Amino acid sequence: MTLSFWRYAHLALALFSSIFLLLASATGIILAVDAVQEKTLPYKAENFNEITLGETLPILKKEYSEITELSVDYNQFVTLQAIDADGNDVKAYIDPKTGKALGNPAKKSEFINWITSLHRSLFLHEAGRFFVGVISFCLLLISISGFVLVLKRQRGIRNFFSKIIKEYFAQYYHVLLGRLALIPILIISLTGTYLSLERFNFFMGEEKAKPIKTELSEKAKTTSIFNTTLLSDVKKIEFPFTDDPEEYYIIELKDREIEVNQVTGAIISEKRSPMTAQFAALSLDLHTGRINGIWAVILAIACINILFFIYSGFAITLKRRSSRIKNKFKADESTFILLVGSENGSTFRFTNSIQKQLIDNGQKVFVSELNKFTAYPKAEHIVVFTSTHGLGDAPSNGTQFKTLVEKQNQDQNINFSVVGFGSKSYPDFCQFAIEIDQLLGKQKWADRYLDLKTVNDKSAVEFVEWVKLWSEKTGISLATTPSLYNHVPKGLQKIMVLDKTPISETEHTFILTLKSNARTKFSSGDLLAIYPANDSRERLYSIGNHSGNIQLVVKLHPNGLGSGFLNALEPGNVIKAQIVKNPAFHLPKKASKVALISNGTGIAPFLGMIEQNKVKQELHLYSGFRMETPTLMAYKKFAGIMIQKEHLDNFHVALSREAEHIYVMDLIKRDSIFFVNLLNKGGVIMICGSLAMQKDVEAILSEMCLAKGLKTLEEYKANKQFLTDCY
């Protein structure tokens, strides 16, 4: 069966039964706790499972003048109804080894009785019991369908407990706890269903549900059972009224009822309980946890999990619904067609971001699911964003795409690009995207625009690599900041301003030093995301790790939303922000040597990298400033200390407004041999600062590569020897 069938079945059953499962789970937790509490009462004898009837019956007869009945409950508490030597009626828990009374049986509290009635029948008597049985059966089907979904997600039973890809909180714990609680919930649902069916004699008629008299063997007729029957196997014993040998014990065991000669202990008659009754008793024991305290605790935890599954299941559903497609333009008028294949809706966030940016650039864009592929008369570009599910299978909204492509021809040539989302934890990484890319490549109307791009674990950093290539080739400016393709955060951390140091009054630049939560881990090259307008408008700044604190260099721009916000801060102020991991701009650990190139505001992450360079990697810092300032003098002093510690090899400074008016590009030209050797030997060039500087540096390096017969700059970028973080 298809994945969509199991998913919709799972959801439909959950929707139908959620309110009643909520009640059943909440009351089940209370009853499980009550079952555990009962186990703590001091009425059970030591080594109870070793006591035989031959040990306890003579003691009881000696202790009490007349005994009516003895019963053993599911807690293995022994209750005796008798008359003592003083003629007093006794109904008490007793020690079966001594016959001494331990306490009086107490009735269940009104609250527990009320909860039990609500749990069993919703106060609707027989009709309620029937309905609760239906809900139990729904829970059984939900468990089975959930099991199938996990199997498909984890690629079979062998990988059932293997790593789960964490996409977001509700999804991750829905699967994780679902695996752990599967067996207890299956037992709860199966036993609940059986008890309801047995209640209405579903398995056999009432006349067939009575005990069945059996033929006794000669050995049973002559052997005493007192020394072989354990008290733990007994449910109830009715004692003889007199000492007359013709008066018998009537002993109800767990699987039968026997009449026993009170003198010889031989069995006189035996009636076997029907299997349905035995199954019902076992189901009740398993369903309530009354026979074992540990199992009762497990059941309580399973019920708590059911409550969580109700929440997380609907959270997952709402998340998928929030990814519904919203189009401003129709398919037959759009030049850009974005097709999406997504199992849980997360791929839509990338698609929606591209759609919005294209529309902002004046383009007509239409977004659709893969299964709705059709003719697009004005399309110039088709971009497919798709995940892979299961064993390299299509997501549920992409199962028909291959058939539709082969049936539906396009009247004009259309450029196509495919971006695949998946996880390298699975061997069939992005397999469906690979198949789509190959399929489109065979169509006469389709022209490959870019090679297939794969994205691991929905990495915004990897997605941006494709955005840069596609944007550059189309000439349409798209955002290349990774965090812009992530969710707007709901919870931000508090960060305190420790220090604010002006660099240049004329250039309006300053250094901010911030203190984050001690548990926050970050590296130089990561980004600080601030939200100055208290909305989704995010501003990002490259940061350095300076003695464990966050350090950034900021230039105040006229009407700058982010820079204006930061400029207004004073030491002691607290802001809400978050650190965005940016591993694509961390100091490469395996590079033989690294050249760090920045202008004034881009130096912050490099200072942190240099300070943290404990392995004494070969680093060369090239920085451009307008003029000599006290801050630059402080940078030179810092660089001198780092050179002494062998954390830095040299610091090259270009001053554009003083002396010879040198720019960073002039320093690169001057040291062209150094940069040629660096690239040839696998070294890395890192650039941080303004986009204008990045373009100028790239132009110089491209000319250099061409003149020296090296690879193209694009090849070095692909080989991760040229890293940028410019804005």
# chains A, B, ... in the order shown; residues from 1 in each chain; ligands from 1
$ select_by_dssp --residues "range 333-564 of chain A" --states "strand (DSSP E)" --output "ChimeraX atom specification"
/A:336-341,365-369,381-387,414-422,446-448,453-456,493-504,509-515,527-530,539-542,544-546,549-555
$ residues_around --residues "Ile436 in chain A" --least-positions-apart "5" --cutoff "9 Å" --atoms "only C-alpha atoms" --output "PyMOL selection string"
chain A and resi 384+401-402+418+431+441
$ write_last_selection --atoms "N, CA and C atoms" --output "mmCIF file, in the first residue's frame"
data_model
loop_
_atom_site.group_PDB
_atom_site.id
_atom_site.type_symbol
_atom_site.label_atom_id
_atom_site.label_comp_id
_atom_site.auth_asym_id
_atom_site.auth_seq_id
_atom_site.Cartn_x
_atom_site.Cartn_y
_atom_site.Cartn_z
ATOM 1 N N VAL A 384 12.640 22.065 -9.843
ATOM 2 C CA VAL A 384 12.063 21.026 -9.003
ATOM 3 C C VAL A 384 12.799 20.998 -7.665
ATOM 4 N N PHE A 401 4.436 11.861 -10.636
ATOM 5 C CA PHE A 401 5.148 12.819 -11.471
ATOM 6 C C PHE A 401 5.774 12.174 -12.711
ATOM 7 N N LYS A 402 6.427 11.048 -12.550
ATOM 8 C CA LYS A 402 7.099 10.408 -13.684
ATOM 9 C C LYS A 402 6.103 10.079 -14.793
ATOM 10 N N VAL A 418 17.074 20.874 -10.903
ATOM 11 C CA VAL A 418 16.543 20.004 -9.843
ATOM 12 C C VAL A 418 17.391 20.171 -8.591
ATOM 13 N N GLN A 431 17.764 9.947 -3.901
ATOM 14 C CA GLN A 431 17.584 9.060 -5.047
ATOM 15 C C GLN A 431 16.447 9.515 -5.951
ATOM 16 N N GLY A 441 16.059 15.161 -18.115
ATOM 17 C CA GLY A 441 17.150 15.265 -19.080
ATOM 18 C C GLY A 441 16.865 14.538 -20.382
#
$ closest_residue --among "A:Phe48, A:Tyr622, A:Trp295, A:Phe638" --to "Ile188 in chain A" --atoms "only C-alpha atoms"
A:Trp295
$ select_by_dssp --residues "range 656-704 of chain A" --states "helix (DSSP H, G or I)" --output "JSON, numbers by chain"
{"A": [664, 665, 666, 667, 668, 669, 670, 672, 673, 674, 675, 676, 677, 678, 679, 680, 691, 692, 693, 694, 695, 696, 697, 698, 699, 700, 701, 702, 703, 704]}
$ residues_around --residues "range 357-359 of chain A" --least-positions-apart "5" --cutoff "7 Å" --atoms "only C-alpha atoms" --output "tab-separated table (two decimals) with C-alpha atoms, in the first residue's frame"
chain	number	residue	atom	x	y	z
A	364	LYS	CA	5.55	35.71	-12.62
A	365	VAL	CA	5.89	32.54	-10.58
A	478	LEU	CA	18.45	36.24	-4.78
$ closest_residue --among "A:Ala302, A:Ala85, A:Val367, A:Leu186" --to "Lys328 in chain A" --atoms "only C-alpha atoms"
A:Val367
$ residues_around --residues "Pro482 in chain A" --least-positions-apart "2" --cutoff "6 Å" --atoms "only C-alpha atoms" --output "NGL selection string"
:A and (460-461 or 484-485)
$ residues_around --residues "Leu57 in chain A" --least-positions-apart "6" --cutoff "12 Å" --atoms "only C-alpha atoms" --output "list in words"
Ile51, Glu63, Tyr64, Ile67, Glu69, Leu70, Leu80, Asp95, Pro96, Lys97, Thr98, Gly99, Phe226, Asn227, Thr229, Leu230, Leu231, Ile237, Glu238, Phe239, Tyr249, Gln262, Val263 and Gly265 of chain A
$ closest_residue --among "A:Ser334, A:Pro588, A:Ile685, A:Ile135" --to "Phe16 in chain A" --atoms "only C-alpha atoms"
A:Ile135
$ atom_distance --atom1 "CA of Asn680 in chain A" --atom2 "CA of Val594 in chain A"
12.4 Å
$ closest_residue --among "A:Asn201, A:Asn88, A:Ser121, A:Ser17" --to "Leu139 in chain A" --atoms "only C-alpha atoms"
A:Ser17
$ residues_around --residues "Phe329 in chain A" --least-positions-apart "2" --cutoff "12 Å" --atoms "only C-alpha atoms" --output "JSON, numbers by chain"
{"A": [325, 326, 327, 331, 332, 333, 334, 335, 336, 337, 355, 356, 358, 359, 362, 363, 364, 365, 366, 367, 368, 378]}
$ write_last_selection --atoms "C-alpha atoms" --output "mmCIF file, in the first residue's frame"
data_model
loop_
_atom_site.group_PDB
_atom_site.id
_atom_site.type_symbol
_atom_site.label_atom_id
_atom_site.label_comp_id
_atom_site.auth_asym_id
_atom_site.auth_seq_id
_atom_site.Cartn_x
_atom_site.Cartn_y
_atom_site.Cartn_z
ATOM 1 C CA ILE A 325 0.684 26.606 -1.715
ATOM 2 C CA LYS A 326 -0.339 30.228 -2.226
ATOM 3 C CA ASN A 327 -0.020 31.511 -5.789
ATOM 4 C CA ALA A 331 0.094 28.411 -14.241
ATOM 5 C CA ASP A 332 -0.676 29.462 -17.829
ATOM 6 C CA GLU A 333 0.742 32.981 -17.333
ATOM 7 C CA SER A 334 3.872 32.199 -15.316
ATOM 8 C CA THR A 335 7.397 32.079 -16.701
ATOM 9 C CA PHE A 336 8.866 30.403 -13.597
ATOM 10 C CA ILE A 337 7.359 27.092 -12.455
ATOM 11 C CA GLN A 355 8.892 32.260 -4.963
ATOM 12 C CA LYS A 356 8.656 35.440 -2.876
ATOM 13 C CA LEU A 358 11.247 36.075 -7.708
ATOM 14 C CA ILE A 359 7.950 37.921 -7.419
ATOM 15 C CA GLY A 362 8.992 41.351 -10.993
ATOM 16 C CA GLN A 363 8.728 37.737 -12.206
ATOM 17 C CA LYS A 364 5.554 35.710 -12.622
ATOM 18 C CA VAL A 365 5.888 32.537 -10.584
ATOM 19 C CA PHE A 366 3.654 29.495 -10.066
ATOM 20 C CA VAL A 367 4.225 26.870 -7.361
ATOM 21 C CA SER A 368 2.698 23.414 -7.602
ATOM 22 C CA LYS A 378 4.619 30.476 -21.026
#
$ residues_around --residues "Thr193 in chain A" --least-positions-apart "6" --cutoff "6 Å" --atoms "only C-alpha atoms" --output "JSON, numbers by chain"
{"A": [133, 136, 137]}
$ atom_distance --atom1 "CA of Leu528 in chain A" --atom2 "CA of Ala568 in chain A"
16.9 Å
$ closest_residue --among "A:Leu527, A:Leu124, A:Val72, A:Leu596" --to "Asn49 in chain A" --atoms "only C-alpha atoms"
A:Val72
$ atom_distance --atom1 "CA of Asp34 in chain A" --atom2 "CA of Glu110 in chain A"
12.8 Å
